[in-house]
Structures are given as structure tokens and as C-alpha cells.
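I have placed the structure first, in the form of C-alpha cells, so that the comments after it can refer back to it.
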Amino acid sequence: MIHGIIFDMDGTLTEPHIDFQALRRELGVMAGDIVDHLKSVDDAERRRLEQILHRFEEDAAVNAALQPGAAELLDALRARGIKLGLLTRNSRKSVETVVVKFGLRFDATLTREDAPHKPSPEPVLALARRWGLQPAEMLVVGDYVYDLRCAHNAGAKGVLLVNARVPEWAHEADFVVHRLSEVLEVVGGIQ
């Protein structure tokens with residue numbers, strides 16, 4: 001049975017907004033993981049790059065639109081007694097902007113400043129401990145391969161939300177959905 005669900009933010013609860021190619025060009029990081037790159041540079045360069053990243057994230061947060069059915073899904077899951085988490089590689093500030101803008105409520109929220117970032121299993125394991133759950137009782141719902149790997153690395157199930165075309169790595173998902181409302185069917189099928 002599923003007792004906890006952890007959602008990604010950008011592209012999952014909110015519609016995709018960040019132009020990652022433009023962000024990469026401005027950062028000068030055309031390949032590899034952006035967050036890992038930030039950790040590999042000296043303090044002055046990291047501060048410069050973080051300013052750019054925060055600008056993109058805050059713009060996305062201020063202009064965010066919820067995915068269709070997101071608020072209703074969260075309400076339905078909460079009514080079933082399922083613990084709800086938000087796990088994102090975004091900054092705490094951009095998360096606060098989105099949460100306040102849409103009046104969203106979570107039992108826990110983890111950003112890149114709070115825990116190791118996806119695909120590390122640590123955030124999922126930390127929430128499992130906090131909630132008194134086994135990772136196998138949890139889903140991680142996201143739109144990117146790191147969400148799925150984070151889930152699997154922790155022993156949870158990964159749900160891929162497809163926003164456009166099905167990616168070549170979709171086979172890594174335990175479940176593939178095309179609308180957030182389908183997460184209820186996934187939960188019902190596991191119960």
C-alpha cells in the first residue's frame with residue numbers, strides 16, 4: 001500500500017517553464033549536471049552562477065501555472081491519509097513562491113539546500129524515516145529521469161509524468177502517466 005507520495009515541482013506539479021537551454025547557455029554549462037557543477041567551482045564563481053540560476057528559478061516560480069488537476073489530486077490524496085512531500089532541485093525561495101502562490105500544503109518540503117539532490121536516495125530515505133514508512137510504501141512522481149532514479153535508489157516506486165513526448169528513458173519508470181489525475185489510479189492499483 002502507498003502511504004507517502006513525494007512530488008517534483010517544475011514540470012510535475014507546475015507546468016514546465018524554465019528554458020533549460022537558455023539557462024545552460026547563460027551559466028556556460030552546456031553538458032553535465034548544473035547543481036554538481038555549482039559544487040565544483042570556487043566560491044566567487046558559485047555565487048555568480050547561483051545568481052543566474054536563482055533568477056531563472058524565481059521567474060519560473062512567479063510565472064508558474066499548476067498542472068491541470070494538481071490541487072485536486074493533492075486534496076484527494078490528503079483525504080486518503082497519504083503523506084505528501086515536495087522534493088525539488090530548486091531553491092527554497094522559489095519553492096516558497098510557488099507554495100504561497102497556489103496555497104499548497106505538504107507534510108514535508110525538501111530543496112537542494114535541505115538535502116542531497118536527486119538522483120540521491122537520501123531525501124526519500126529521510127522522508128521515509130520522518131514519516132515512519134518503508135520506502136516501498138512510497139511513490140516519487142516526477143517528469144525527469146533523476147526523479148525515477150531517486151525513487152529506485154531509495155527502494156520506492158517511480159511515476160513518470162509525461163508532458164510532451166515519451167522520453168527514451170521512460171522504461172525506468174514503474175508507472176507512466178500523462179495527467180496528474182492518473183496518479184490516483186496508480187495508488188488505487190497498488191492498494
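By order of appearance in the C-alpha cells: chains A, B, ..., then residues from 1 within every chain, and ligands from 1 in the order shown.
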Exercise. If you run DSSP over the backbone, which residues in segment 31-174 of chain A end up alpha helix (DSSP H)? Put them as a VMD selection string.
Key: chain A and resid 34 to 40 43 to 62 70 to 79 92 to 102 122 to 131 145 to 154
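One finds atom CA of Leu53 of chain A at 9.2 Å from atom CA of Ile34 of chain A.
Between Asp147 of chain A and the residues A:Leu133, A:Ala170, A:Ala65, A:Leu127, the shortest atom-to-atom distance, using only C-alpha atoms, involves A:Ala170.
Distances here use only C-alpha atoms; by that measure, the residue among A:Phe175, A:Phe20, A:Phe56, A:Phe7 closest to Ala70 of chain A is A:Phe7.
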Exercise. From a DSSP pass on the backbone, collect the residues of segment 39-144 of chain A flagged as strand (DSSP E or B) and hand them back as an MDAnalysis selection string.
Key: chainID A and resid 66 83:87 108:110 138:142
Any chance you can output those residues with C-alpha atoms as a compact mmCIF listing (two decimals), in the first residue's frame?
# COMPACT_ATOMS: atom_id res chain seq x y z
CA LEU A 66 -0.27 24.49 -11.83
CA LYS A 83 1.63 11.84 3.47
CA LEU A 84 2.63 14.40 0.84
CA GLY A 85 6.12 15.66 0.15
CA LEU A 86 7.70 18.08 -2.28
CA LEU A 87 11.25 17.28 -3.39
CA ALA A 108 7.50 17.99 4.15
CA THR A 109 9.37 20.07 1.59
CA LEU A 110 12.99 19.45 0.61
CA MET A 138 6.15 5.47 -1.19
CA LEU A 139 5.89 6.87 -4.70
CA VAL A 140 8.07 9.55 -6.25
CA VAL A 141 6.25 11.43 -9.02
CA GLY A 142 8.30 13.48 -11.46
Quiz item: Which polymer residues have any atom within 8 Å of an atom of Arg179 of chain A, counting only C-alpha atoms, with same-chain residues fewer than 4 positions away left out, as a ChimeraX atom specification?
Solution: /A:68-69,161-162,183
Hey, can you spit out that residue selection with C-alpha atoms as a PDB file, in the first residue's frame?
ATOM      1  CA  PRO A  68      -4.229  20.586 -14.616  1.00  0.00           C
ATOM      2  CA  GLY A  69      -5.678  18.673 -11.683  1.00  0.00           C
ATOM      3  CA  LEU A 161       4.566  12.296 -15.739  1.00  0.00           C
ATOM      4  CA  VAL A 162       4.932  12.737 -19.499  1.00  0.00           C
ATOM      5  CA  VAL A 183      -1.702   9.103 -10.019  1.00  0.00           C
TER       6      VAL A 183
END
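Taking only C-alpha atoms into account, Ala173 of chain A lies nearest to A:Tyr146 out of the set A:Glu72, A:Glu50, A:Glu185, A:Tyr146.
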Self-check item: Which residue of A:Val124, A:Val95, A:Glu15, A:Val29 approaches Leu180 of chain A most closely, using only C-alpha atoms
Solution: A:Glu15
Practice problem: Show which residues sit within 10 Å of Pro123 of chain A, as an NGL selection string. Count only C-alpha atoms, and ignore same-chain residues fewer than 6 positions away. | Solution: :A and (6 or 87-88 or 109-112 or 114-117 or 129 or 150-151 or 154)
Quiz item: Do you know which residues are at most 9 Å from Ile2 of chain A counting only C-alpha atoms, after dropping those on the same chain fewer than 4 positions away, and could you put them as a list in words?
Solution: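 With the cut-off at 9 Å, the set is Ile82, Ala136, Glu137, Met138, Leu139, Val187, Gly188, Ile190 and Gln191 of chain A.
Note that atom CA of Glu168 of chain A and atom CA of His3 of chain A are 29.5 Å apart.
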